[in-house]
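Enquirer: Dropping in data-v7.tsv, with TSV, C-alpha atoms.
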```tsv
chain	number	residue	atom	x	y	z
E	1	MET	CA	27.91	-1.46	-6.49
E	2	ILE	CA	24.42	-0.30	-5.49
E	3	HIS	CA	23.81	-0.13	-1.75
E	4	TYR	CA	20.33	-1.39	-0.97
E	5	TYR	CA	18.66	-0.38	2.27
E	6	PRO	CA	15.06	-0.48	3.58
E	7	ARG	CA	14.20	3.13	2.92
E	8	GLN	CA	10.47	2.41	3.09
E	9	ALA	CA	8.76	-0.21	5.20
E	10	VAL	CA	5.22	-1.52	5.57
E	11	TRP	CA	4.60	-3.39	8.80
E	12	GLU	CA	1.51	-5.46	9.51
E	13	LEU	CA	1.34	-5.20	13.30
E	14	ASN	CA	-1.71	-7.40	13.80
E	15	LEU	CA	-4.08	-9.66	11.89
E	16	ASN	CA	-7.28	-9.17	13.88
E	17	CYS	CA	-9.86	-7.03	12.13
E	18	ASN	CA	-13.46	-5.91	12.61
E	19	LEU	CA	-14.24	-6.26	8.90
E	20	ASN	CA	-14.08	-9.04	6.32
E	21	CYS	CA	-13.49	-7.18	3.06
E	22	MET	CA	-14.03	-8.87	-0.28
E	23	HIS	CA	-10.54	-8.01	-1.50
E	24	CYS	CA	-8.49	-8.50	1.69
E	25	GLY	CA	-5.17	-10.04	0.66
E	26	SER	CA	-4.24	-11.24	4.15
E	27	ARG	CA	-7.68	-12.68	4.98
E	28	ALA	CA	-7.57	-10.63	8.19
E	29	GLY	CA	-10.05	-11.39	10.94
E	30	LYS	CA	-9.08	-13.35	14.03
E	31	LYS	CA	-6.10	-12.35	16.13
E	32	ASN	CA	-2.93	-14.34	15.55
E	33	GLU	CA	-1.81	-15.63	18.94
E	34	ASN	CA	1.75	-15.83	17.61
E	35	GLU	CA	2.05	-12.13	16.79
E	36	LEU	CA	5.09	-10.17	17.89
E	37	THR	CA	5.14	-8.83	21.44
E	38	LEU	CA	5.61	-5.16	22.22
E	39	ASN	CA	9.24	-5.69	23.24
E	40	GLU	CA	9.92	-7.59	20.03
E	41	CYS	CA	8.30	-4.82	18.01
E	42	LEU	CA	10.31	-2.09	19.72
E	43	ASP	CA	13.51	-4.01	19.01
E	44	ILE	CA	12.57	-4.43	15.33
E	45	ALA	CA	11.68	-0.74	15.15
E	46	GLN	CA	15.15	0.12	16.38
E	47	GLN	CA	16.65	-2.20	13.77
E	48	LEU	CA	14.76	-0.37	11.02
E	49	ILE	CA	15.89	2.96	12.41
E	50	ASP	CA	19.50	1.79	12.55
E	51	MET	CA	19.26	0.69	8.91
E	52	ASN	CA	18.21	4.19	7.89
E	53	CYS	CA	14.52	3.58	7.27
E	54	LYS	CA	12.99	6.90	6.22
E	55	GLN	CA	9.29	6.02	6.00
E	56	ILE	CA	7.15	3.47	7.85
E	57	THR	CA	3.51	2.59	7.29
E	58	LEU	CA	1.86	0.61	10.08
E	59	ILE	CA	-1.15	-1.51	9.13
E	60	GLY	CA	-3.31	-4.42	10.31
E	61	GLY	CA	-5.75	-6.19	10.26
E	62	GLU	CA	-7.20	-3.11	11.83
E	63	ILE	CA	-4.35	-1.38	13.58
E	64	PHE	CA	-6.50	0.23	16.29
E	65	LEU	CA	-7.36	-3.26	17.58
E	66	ARG	CA	-3.76	-3.62	18.76
E	67	LYS	CA	-3.75	-1.67	22.02
E	68	ASP	CA	-0.03	-0.90	22.11
E	69	TRP	CA	0.38	0.17	18.47
E	70	HIS	CA	0.92	3.80	19.45
E	71	LYS	CA	4.05	2.89	21.47
E	72	ILE	CA	5.58	1.32	18.38
E	73	ALA	CA	4.64	4.32	16.26
E	74	ARG	CA	6.13	6.67	18.85
E	75	LYS	CA	9.48	4.89	18.55
E	76	PHE	CA	9.65	5.85	14.88
E	77	VAL	CA	8.29	9.36	15.35
E	78	ASP	CA	10.89	10.13	18.00
E	79	ALA	CA	13.60	8.98	15.57
E	80	ASP	CA	12.29	11.38	12.89
E	81	VAL	CA	11.05	8.56	10.65
E	82	TYR	CA	8.05	9.62	8.56
E	83	THR	CA	5.31	7.54	10.15
E	84	ASN	CA	1.73	6.92	9.18
E	85	ILE	CA	-0.98	4.33	9.71
E	86	ILE	CA	-3.82	2.95	7.63
E	87	THR	CA	-7.17	2.27	9.25
E	88	ASN	CA	-10.61	1.16	8.09
E	89	ALA	CA	-12.03	3.80	10.50
E	90	LEU	CA	-14.81	1.53	11.76
E	91	ASN	CA	-16.34	2.48	15.11
E	92	LEU	CA	-13.41	4.54	16.36
E	93	GLN	CA	-13.95	5.92	19.84
E	94	GLN	CA	-12.25	8.56	21.95
E	95	LYS	CA	-9.79	6.03	23.35
E	96	HIS	CA	-8.56	5.38	19.83
E	97	PHE	CA	-8.07	9.08	19.14
E	98	ASP	CA	-6.25	9.38	22.48
E	99	ALA	CA	-3.87	6.61	21.35
E	100	LEU	CA	-3.39	8.44	18.07
E	101	ALA	CA	-2.38	11.58	19.95
E	102	LYS	CA	0.08	9.57	22.06
E	103	SER	CA	1.67	8.13	18.92
E	104	GLY	CA	2.82	11.54	17.77
E	105	ILE	CA	1.96	10.92	14.13
E	106	GLN	CA	0.28	13.64	12.13
E	107	GLN	CA	-0.88	11.74	9.07
E	108	VAL	CA	-3.51	9.02	8.82
E	109	GLY	CA	-4.44	6.86	5.86
E	110	ILE	CA	-8.04	5.71	5.55
E	111	SER	CA	-9.24	2.91	3.28
E	112	ILE	CA	-12.26	3.97	1.22
E	113	ASP	CA	-13.45	1.72	-1.57
E	114	GLY	CA	-16.22	3.65	-3.25
E	115	MET	CA	-19.25	5.72	-2.45
E	116	GLU	CA	-21.64	4.44	0.21
E	117	ASP	CA	-23.30	1.49	-1.53
E	118	SER	CA	-20.20	0.06	-3.17
E	119	HIS	CA	-17.93	0.74	-0.20
E	120	ASN	CA	-20.30	-0.99	2.21
E	121	LYS	CA	-20.70	-3.93	-0.16
E	122	ILE	CA	-16.95	-4.38	-0.58
E	123	ARG	CA	-16.34	-3.93	3.15
E	124	ARG	CA	-19.33	-6.17	3.96
E	125	HIS	CA	-20.62	-3.85	6.66
E	126	PRO	CA	-23.76	-1.65	6.37
E	127	LYS	CA	-22.35	1.24	8.40
E	128	SER	CA	-18.72	1.27	7.24
E	129	PHE	CA	-19.05	4.34	5.02
E	130	TYR	CA	-20.85	6.26	7.74
E	131	HIS	CA	-18.02	5.55	10.19
E	132	VAL	CA	-15.44	6.64	7.61
E	133	LEU	CA	-17.06	10.05	7.21
E	134	GLN	CA	-17.35	10.46	10.97
E	135	THR	CA	-13.67	9.66	11.37
E	136	ILE	CA	-12.62	12.09	8.64
E	137	GLN	CA	-14.54	14.89	10.31
E	138	LYS	CA	-12.98	14.11	13.69
E	139	LEU	CA	-9.44	13.90	12.29
E	140	LYS	CA	-9.84	17.14	10.35
E	141	SER	CA	-11.07	18.92	13.47
E	142	ASP	CA	-7.99	17.65	15.30
E	143	GLN	CA	-5.71	18.96	12.53
E	144	TYR	CA	-4.50	15.63	11.16
E	145	SER	CA	-3.40	15.25	7.55
E	146	ILE	CA	-5.50	12.60	5.81
E	147	GLY	CA	-4.71	10.38	2.86
E	148	ILE	CA	-7.13	8.00	1.19
E	149	VAL	CA	-6.29	4.54	-0.16
E	150	THR	CA	-8.69	2.96	-2.65
E	151	THR	CA	-8.48	-0.57	-4.03
E	152	LEU	CA	-10.01	-0.40	-7.49
E	153	ASN	CA	-12.38	-3.00	-8.87
E	154	ARG	CA	-15.53	-3.46	-10.94
E	155	LEU	CA	-17.76	-2.38	-8.05
E	156	ASN	CA	-16.22	1.04	-7.54
E	157	ILE	CA	-14.64	2.19	-10.80
E	158	ASN	CA	-17.75	4.15	-11.73
E	159	ASP	CA	-17.63	5.96	-8.37
E	160	LEU	CA	-14.33	7.71	-9.06
E	161	GLU	CA	-15.74	11.10	-10.06
E	162	ASN	CA	-18.08	11.27	-7.07
E	163	MET	CA	-15.31	10.09	-4.74
E	164	TYR	CA	-13.01	12.79	-6.07
E	165	GLN	CA	-15.56	15.49	-5.38
E	166	LEU	CA	-16.23	14.09	-1.90
E	167	PHE	CA	-12.52	14.13	-1.07
E	168	VAL	CA	-12.03	17.65	-2.42
E	169	ASP	CA	-14.96	18.82	-0.30
E	170	HIS	CA	-13.31	17.24	2.77
E	171	ASP	CA	-9.91	18.79	1.96
E	172	ILE	CA	-8.13	15.46	1.50
E	173	GLN	CA	-4.49	15.97	0.54
E	174	VAL	CA	-3.53	12.65	-1.10
E	175	TRP	CA	-5.48	9.85	-2.77
E	176	GLN	CA	-3.73	6.63	-3.75
E	177	LEU	CA	-5.40	4.24	-6.17
E	178	GLN	CA	-4.29	0.63	-6.56
E	179	LEU	CA	-5.64	-2.45	-8.31
E	180	THR	CA	-7.35	-5.36	-6.62
E	181	SER	CA	-5.07	-8.39	-6.81
E	182	PRO	CA	-6.49	-11.95	-6.94
E	183	MET	CA	-5.06	-13.08	-3.62
E	184	GLY	CA	-6.59	-13.71	-0.22
E	185	ASN	CA	-10.33	-13.08	-0.17
E	186	ALA	CA	-10.20	-11.72	-3.72
E	187	GLU	CA	-9.39	-15.21	-5.00
E	188	ASN	CA	-13.09	-15.90	-4.47
E	189	HIS	CA	-14.17	-12.77	-6.37
E	190	LEU	CA	-12.17	-12.74	-9.60
E	191	TYR	CA	-14.93	-10.81	-11.36
E	192	LEU	CA	-13.70	-7.77	-9.40
E	193	LEU	CA	-10.52	-7.47	-11.50
E	194	LEU	CA	-10.43	-4.59	-13.96
E	195	SER	CA	-9.72	-4.98	-17.65
E	196	ASN	CA	-6.84	-3.20	-19.37
E	197	GLU	CA	-9.28	-0.75	-20.91
E	198	GLU	CA	-10.71	0.08	-17.50
E	199	ILE	CA	-7.19	0.56	-16.15
E	200	LYS	CA	-6.46	2.99	-18.97
E	201	GLN	CA	-9.61	4.83	-17.92
E	202	VAL	CA	-8.20	5.07	-14.38
E	203	ILE	CA	-4.87	6.40	-15.68
E	204	ARG	CA	-6.60	9.12	-17.68
E	205	PHE	CA	-8.68	10.01	-14.61
E	206	ILE	CA	-5.57	10.37	-12.43
E	207	LYS	CA	-3.83	12.54	-15.01
E	208	GLN	CA	-6.79	14.86	-15.46
E	209	LYS	CA	-7.37	15.35	-11.75
E	210	ASN	CA	-3.70	15.99	-11.09
E	211	LYS	CA	-3.76	18.69	-13.77
E	212	ASP	CA	-6.62	20.32	-11.85
E	213	LYS	CA	-4.28	20.50	-8.81
E	214	LYS	CA	-7.03	20.33	-6.19
E	215	MET	CA	-5.43	17.29	-4.56
E	216	LEU	CA	-2.67	14.82	-5.33
E	217	LEU	CA	-3.65	11.49	-6.90
E	218	VAL	CA	-1.04	8.75	-6.96
E	219	ALA	CA	-1.14	5.53	-8.96
E	220	GLY	CA	-0.02	2.45	-7.08
E	221	ASP	CA	2.90	0.47	-8.47
E	222	ASN	CA	0.52	-2.11	-9.95
E	223	ILE	CA	-1.02	0.49	-12.32
E	224	GLY	CA	0.56	1.43	-15.63
E	225	TYR	CA	2.92	1.48	-17.34
E	226	TYR	CA	4.50	3.87	-19.87
E	227	THR	CA	1.38	5.22	-21.47
E	228	GLU	CA	1.55	8.81	-22.68
E	229	ASP	CA	0.20	9.79	-19.25
E	230	GLU	CA	2.95	8.09	-17.20
E	231	MET	CA	4.58	11.33	-16.07
E	232	TYR	CA	1.36	12.59	-14.51
E	233	ILE	CA	0.44	9.70	-12.23
E	234	ARG	CA	3.45	8.67	-10.11
E	235	GLY	CA	3.67	11.23	-7.35
E	236	PRO	CA	4.10	14.85	-6.27
E	237	LYS	CA	6.44	15.82	-9.12
E	238	PHE	CA	3.95	15.07	-11.88
E	239	HIS	CA	4.98	17.19	-14.84
E	240	PRO	CA	5.62	16.22	-18.47
E	241	GLN	CA	9.17	17.61	-18.38
E	242	ILE	CA	10.20	15.78	-15.19
E	243	ASN	CA	11.48	12.21	-15.37
E	244	ASN	CA	8.87	10.83	-12.97
E	245	ARG	CA	8.39	7.36	-14.39
E	246	PHE	CA	8.07	3.84	-13.06
E	247	THR	CA	11.55	2.32	-12.80
E	248	GLY	CA	10.74	-1.17	-11.62
E	249	CYS	CA	9.63	-2.93	-8.46
E	250	LYS	CA	11.61	-1.79	-5.40
E	251	ALA	CA	10.80	-4.80	-3.20
E	252	GLY	CA	13.97	-5.93	-1.47
E	253	LEU	CA	15.88	-3.03	-2.96
E	254	PHE	CA	14.57	-0.03	-1.04
E	255	VAL	CA	11.30	-1.46	0.31
E	256	VAL	CA	10.70	-4.09	2.97
E	257	GLY	CA	7.58	-5.72	4.39
E	258	ILE	CA	7.18	-7.24	7.86
E	259	ASP	CA	4.19	-9.26	9.02
E	260	ASN	CA	2.73	-9.72	12.47
E	261	GLU	CA	4.87	-12.80	13.17
E	262	GLY	CA	8.11	-11.14	12.11
E	263	ASN	CA	8.39	-12.66	8.64
E	264	VAL	CA	10.32	-10.44	6.25
E	265	ARG	CA	9.35	-9.98	2.60
E	266	GLY	CA	10.48	-7.54	-0.04
E	267	CYS	CA	6.99	-6.05	0.01
E	268	GLU	CA	4.16	-6.73	2.44
E	269	SER	CA	1.81	-7.24	-0.52
E	270	LEU	CA	3.82	-10.33	-1.55
E	271	MET	CA	1.60	-12.52	0.60
E	272	SER	CA	2.98	-15.92	-0.24
E	273	GLU	CA	5.38	-18.07	1.72
E	274	GLU	CA	7.75	-18.24	-1.25
E	275	PHE	CA	8.59	-14.57	-0.68
E	276	ILE	CA	9.58	-14.94	2.98
E	277	GLU	CA	13.30	-14.18	3.29
E	278	GLY	CA	13.59	-14.89	7.01
E	279	ASN	CA	12.05	-14.29	10.41
E	280	LEU	CA	13.07	-11.60	12.88
E	281	ARG	CA	12.74	-13.96	15.83
E	282	LYS	CA	15.59	-15.99	14.37
E	283	ASN	CA	17.78	-13.39	12.66
E	284	THR	CA	18.25	-9.65	12.69
E	285	LEU	CA	16.87	-7.53	9.90
E	286	GLU	CA	20.41	-6.72	8.79
E	287	GLU	CA	21.27	-10.43	8.54
E	288	ILE	CA	18.14	-11.17	6.53
E	289	TRP	CA	18.53	-8.10	4.32
E	290	ASN	CA	22.17	-8.78	3.50
E	291	LYS	CA	22.17	-12.56	3.15
E	292	LYS	CA	23.40	-14.04	-0.10
E	293	ASP	CA	20.76	-14.13	-2.84
E	294	ALA	CA	18.18	-12.35	-0.71
E	295	PHE	CA	15.29	-10.88	-2.74
E	296	ALA	CA	16.80	-12.53	-5.82
E	297	TYR	CA	13.78	-11.81	-8.03
E	298	ASN	CA	14.81	-8.13	-7.99
E	299	ARG	CA	18.46	-8.01	-6.93
E	300	ASN	CA	19.46	-10.62	-9.49
E	301	PHE	CA	17.17	-9.31	-12.20
E	302	ARG	CA	18.21	-9.82	-15.78
E	303	LYS	CA	16.21	-9.26	-18.92
E	304	GLU	CA	16.13	-12.99	-19.70
E	305	LEU	CA	13.75	-13.49	-16.76
E	306	LEU	CA	11.00	-11.54	-18.50
E	307	ALA	CA	8.16	-13.46	-20.13
E	308	GLY	CA	5.12	-12.80	-22.27
E	309	LYS	CA	4.89	-9.39	-23.89
E	310	CYS	CA	7.37	-8.06	-21.32
E	311	ALA	CA	10.16	-10.13	-22.90
E	312	ASP	CA	10.14	-8.11	-26.13
E	313	CYS	CA	9.14	-4.74	-24.72
E	314	ASP	CA	11.40	-1.77	-25.46
E	315	LYS	CA	10.86	-0.48	-21.89
E	316	SER	CA	11.80	-3.76	-20.25
E	317	GLU	CA	15.22	-2.79	-18.93
E	318	VAL	CA	13.69	0.16	-17.09
E	319	CYS	CA	10.29	-1.23	-16.07
E	320	LYS	CA	11.64	-4.73	-15.38
E	321	GLY	CA	8.20	-6.27	-15.80
E	322	GLY	CA	6.13	-4.14	-13.45
E	323	CYS	CA	4.62	-5.13	-10.11
E	324	ARG	CA	5.92	-8.46	-8.79
E	325	GLN	CA	2.89	-8.97	-6.57
E	326	LEU	CA	0.23	-8.52	-9.24
E	327	ASN	CA	2.29	-10.56	-11.70
E	328	CYS	CA	2.68	-13.46	-9.29
E	329	PHE	CA	-1.04	-13.73	-8.59
E	330	THR	CA	-2.19	-13.31	-12.20
E	331	THR	CA	0.30	-14.81	-14.65
E	332	GLY	CA	2.11	-16.94	-12.07
E	333	ASN	CA	5.38	-15.41	-13.27
E	334	LYS	CA	6.95	-12.64	-11.20
E	335	HIS	CA	8.41	-11.13	-14.37
E	336	GLU	CA	5.37	-11.07	-16.64
E	337	SER	CA	2.72	-8.37	-16.47
E	338	LEU	CA	-0.83	-9.13	-17.57
E	339	PHE	CA	-2.14	-5.63	-16.98
E	340	CYS	CA	0.50	-3.42	-18.58
E	341	CYS	CA	-1.09	-0.61	-20.58
E	342	TYR	CA	1.92	0.28	-22.69
E	343	ALA	CA	1.52	-0.11	-26.43
E	344	GLN	CA	4.69	-0.17	-28.52
```
Turn the structure described in the file into structure tokens.
Expert:
Amino acid sequence: MIHYYPRQAVWELNLNCNLNCMHCGSRAGKKNENELTLNECLDIAQQLIDMNCKQITLIGGEIFLRKDWHKIARKFVDADVYTNIITNALNLQQKHFDALAKSGIQQVGISIDGMEDSHNKIRRHPKSFYHVLQTIQKLKSDQYSIGIVTTLNRLNINDLENMYQLFVDHDIQVWQLQLTSPMGNAENHLYLLLSNEEIKQVIRFIKQKNKDKKMLLVAGDNIGYYTEDEMYIRGPKFHPQINNRFTGCKAGLFVVGIDNEGNVRGCESLMSEEFIEGNLRKNTLEEIWNKKDAFAYNRNFRKELLAGKCADCDKSEVCKGGCRQLNCFTTGNKHESLFCCYAQ
């Protein structure tokens, strides 16, 4: 019997944000007055540590708007959990960098969604790109490792080459690319979604740049699957002779998401109440994780659940229908992928 545990976690510590991005899945903005307290967060952090969590990503909203975030991060760092944060980098001041130093983390993720014009349009702020570049320069001077996260859409897909050169020039180590999903704010901007042909273009781009070996590009789990370039886009072991392929959604298997109120989901991108498995103010993480039929869409997976072209696909028992989140918000079926690029 397979032993599932929350090896990787994404935790939304707060909902308040200083931006109102076109694609924001959580519709972040105002602070949630019901968000977890510091003591509650420290207790949950210990629960994750006790359950052998190996990697934690702390997000918002905008994480720097939560004043005690660094104390939560420190809890993980001191327990040797690989810890990083993702920030929009808007208007960061010395007090924010001081908090970063107190946290003990050495790696920071920054959201960048295009070159200046497209990034500022998507982020709906005229100075957002300027602040991003200022933050990168500051973090590099302070010896932090920087990763970039880009949410791909029709407004920025033509910026990829220029973004790549910009990131190489700034010695960025890792760049993750993921698709815009039609949830949250993006529900009002469906024209942003890429076509399958454009996604194939992205896959070829990732492969080519990884072959250049100037930085590591990683395709998010909602990009793919099983094209001839699959082995080149999934992570640091990209190589045609290494079995580095997508093997199905890991939500509720080895990944867990926690929101600012303590709701537990298999993945923090599954932003719908139907995916809430429990709340950490009522039950422990271990109780929620191990309850009967928890995360059933993945733990009780069987091929008969697949629909559409996934049902007859010869990769179905391995891929299991791709990204649950993107599927849910496009086809309405967690086990049917609309944006799969595999051709039998």
Enquirer: Can you measure CA of Gly262 in chain E to CA of Tyr297 in chain E for me? One decimal in Å is fine.
Expert: 20.9 Å
Enquirer: Rank E:Glu277, E:Gln201, E:Leu48, E:Lys250 by their smallest atom-to-atom distance to Thr227 in chain E, using all atoms listed in the file, and report the top residue only.
Expert: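 Nearest to Thr227 in chain E: E:Gln201.
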Enquirer: Given only C-alpha atoms as the basis, pick out the residue of E:Phe129, E:Ser111, E:Cys249, E:Leu270 nearest to Phe301 in chain E.
Expert: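 Checking each of E:Phe129, E:Ser111, E:Cys249, E:Leu270 against Phe301 in chain E, counting only C-alpha atoms, the winner is E:Cys249.
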Enquirer: Between E:Gln134, E:Ser141, E:Gln165, E:Ser103, which is the closest to Trp69 in chain E once you count only C-alpha atoms?
Expert: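 Closest residue, counting only C-alpha atoms: E:Ser103.
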Enquirer: For the atom pair CA of Arg74 in chain E and CA of Leu216 in chain E, what is the interatomic distance in Å to one decimal place?
Expert: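 Between these atoms lies a distance of 27.0 Å.
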Enquirer: Here is a test: counting all atoms listed in the file, which residue of E:Asp212, E:Gln55, E:Asn298, E:Leu190 is nearest to Ala79 in chain E?
Expert: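 Answer, going by the shortest atom-to-atom distance: E:Gln55.
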Enquirer: Just the residues within 7 Å of Met22 in chain E, please, counting only C-alpha atoms, with nothing from its chain fewer than 2 positions along; format it as a compact mmCIF listing (two decimals) with C-alpha atoms, in the frame of the given file.
Expert:
```txt
# COMPACT_ATOMS: atom_id res chain seq x y z
CA ASN E 20 -14.08 -9.04 6.32
CA CYS E 24 -8.49 -8.50 1.69
CA ILE E 122 -16.95 -4.38 -0.58
CA ARG E 123 -16.34 -3.93 3.15
CA ASN E 185 -10.33 -13.08 -0.17
CA ALA E 186 -10.20 -11.72 -3.72
```
Enquirer: Smallest atom-to-atom distance to Ala294 in chain E: which of E:Leu253, E:Leu155, E:Ala311, E:Asn333, using all atoms listed in the file?
Expert: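 Closest residue, counting all atoms listed in the file: E:Leu253.
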Enquirer: If you count all atoms listed in the file, which residues fall within 9 Å of range 167-182 of chain E, apart from same-chain ones fewer than 2 positions away, as a count of residues only?
Expert: 46
Enquirer: Could you tell me which of E:Val132, E:Ile258, E:Leu100, E:Leu13 comes closest to Asp113 in chain E if we count only C-alpha atoms?
Expert: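 Among the listed residues, E:Val132 lies closest to Asp113 in chain E.
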Enquirer: Identify, on the basis of only C-alpha atoms, every residue whose closest approach to Arg302 in chain E does not exceed 12 Å; exclude the query and any residue fewer than 2 positions from it along the same chain; express the result as number ranges by chain.
Expert: E: 296-300, 304-307, 311, 316-321, 335
Enquirer: Rounded to one decimal, what separation in Å do you get between CA of Lys31 in chain E and CA of Ile59 in chain E?
Expert: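 Separation of CA of Lys31 in chain E and CA of Ile59 in chain E: 13.8 Å.
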Enquirer: Which residues are near Asp142 in chain E? Cut-off 12 Å, all atoms listed in the file, ignore same chain within fewer than 5 positions. Put them as a compact mmCIF listing (two decimals) with C-alpha atoms, in the frame of the given file.
Expert:
```txt
# COMPACT_ATOMS: atom_id res chain seq x y z
CA PHE E 97 -8.07 9.08 19.14
CA ASP E 98 -6.25 9.38 22.48
CA LEU E 100 -3.39 8.44 18.07
CA ALA E 101 -2.38 11.58 19.95
CA GLN E 106 0.28 13.64 12.13
CA GLN E 107 -0.88 11.74 9.07
CA VAL E 108 -3.51 9.02 8.82
CA THR E 135 -13.67 9.66 11.37
CA ILE E 136 -12.62 12.09 8.64
CA GLN E 137 -14.54 14.89 10.31
```
Enquirer: Taking all atoms listed in the file into account, produce a table as JSON lines in which each residue of range 106-156 of chain E with an atom at most 12 Å from an atom of range 14-19 of chain E appears once, together with its shortest atom pair and the distance in Å to one decimal, ordered by chain and rising number.
Expert:
```
{"residue": "E:Ser111", "atom": "CA", "partner": "E:Leu19", "partner_atom": "CA", "distance": 11.9}
{"residue": "E:Asn120", "atom": "CA", "partner": "E:Leu19", "partner_atom": "CA", "distance": 10.5}
{"residue": "E:Lys121", "atom": "CA", "partner": "E:Leu19", "partner_atom": "CA", "distance": 11.4}
{"residue": "E:Ile122", "atom": "CA", "partner": "E:Leu19", "partner_atom": "CA", "distance": 10.0}
{"residue": "E:Arg123", "atom": "CA", "partner": "E:Leu19", "partner_atom": "CA", "distance": 6.5}
{"residue": "E:Arg124", "atom": "CA", "partner": "E:Leu19", "partner_atom": "CA", "distance": 7.1}
{"residue": "E:His125", "atom": "CA", "partner": "E:Leu19", "partner_atom": "CA", "distance": 7.2}
{"residue": "E:Pro126", "atom": "CA", "partner": "E:Leu19", "partner_atom": "CA", "distance": 10.9}
{"residue": "E:Lys127", "atom": "CA", "partner": "E:Leu19", "partner_atom": "CA", "distance": 11.1}
{"residue": "E:Ser128", "atom": "CA", "partner": "E:Leu19", "partner_atom": "CA", "distance": 8.9}
```
Enquirer: Just the residues within 10 Å of Gly224 in chain E, please, counting only C-alpha atoms, with nothing from its chain fewer than 3 positions along; format it as a list of chain:residue names.
Expert: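 Those residues are E:Asn196, E:Ile199, E:Lys200, E:Val202, E:Ile203, E:Ala219, E:Gly220, E:Asp221, E:Thr227, E:Asp229, E:Glu230, E:Ile233, E:Arg234, E:Arg245, E:Phe246, E:Gly322, E:Cys323, E:Phe339, E:Cys340, E:Cys341, E:Tyr342.
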Enquirer: Select range 287-298 of chain E in the preceding structure and write N, CA, C and O atoms to a file as a CSV table (one decimal), in the first residue's frame.
Expert:
```csv
chain,number,residue,atom,x,y,z
E,287,GLU,N,-5.4,14.2,10.9
E,287,GLU,CA,-6.8,13.7,10.8
E,287,GLU,C,-7.4,14.0,9.4
E,287,GLU,O,-8.1,13.1,8.9
E,288,ILE,N,-7.2,15.2,8.9
E,288,ILE,CA,-7.8,15.5,7.6
E,288,ILE,C,-7.1,14.7,6.5
E,288,ILE,O,-7.8,14.2,5.6
E,289,TRP,N,-5.8,14.6,6.6
E,289,TRP,CA,-5.0,13.9,5.5
E,289,TRP,C,-5.4,12.4,5.5
E,289,TRP,O,-5.5,11.8,4.4
E,290,ASN,N,-5.6,11.8,6.6
E,290,ASN,CA,-5.9,10.4,6.7
E,290,ASN,C,-7.3,9.9,6.8
E,290,ASN,O,-7.6,8.7,6.9
E,291,LYS,N,-8.2,10.9,6.7
E,291,LYS,CA,-9.6,10.5,6.8
E,291,LYS,C,-10.1,9.6,5.6
E,291,LYS,O,-9.5,9.7,4.5
E,292,LYS,N,-11.1,8.8,5.8
E,292,LYS,CA,-11.6,7.9,4.8
E,292,LYS,C,-12.0,8.7,3.6
E,292,LYS,O,-12.8,9.7,3.7
E,293,ASP,N,-11.6,8.3,2.4
E,293,ASP,CA,-12.0,8.9,1.1
E,293,ASP,C,-11.5,10.4,0.9
E,293,ASP,O,-12.1,11.1,0.1
E,294,ALA,N,-10.5,10.8,1.7
E,294,ALA,CA,-9.9,12.1,1.5
E,294,ALA,C,-9.3,12.1,0.1
E,294,ALA,O,-8.7,11.2,-0.3
E,295,PHE,N,-9.4,13.3,-0.5
E,295,PHE,CA,-8.7,13.5,-1.8
E,295,PHE,C,-9.1,12.4,-2.8
E,295,PHE,O,-8.2,11.9,-3.6
E,296,ALA,N,-10.3,12.0,-2.8
E,296,ALA,CA,-10.8,10.8,-3.6
E,296,ALA,C,-10.5,10.9,-5.1
E,296,ALA,O,-10.3,9.9,-5.7
E,297,TYR,N,-10.5,12.2,-5.6
E,297,TYR,CA,-10.3,12.3,-7.0
E,297,TYR,C,-9.0,11.8,-7.5
E,297,TYR,O,-8.8,11.5,-8.7
E,298,ASN,N,-8.0,11.8,-6.6
E,298,ASN,CA,-6.7,11.2,-6.9
E,298,ASN,C,-6.4,9.9,-6.2
E,298,ASN,O,-5.9,8.9,-6.9
```
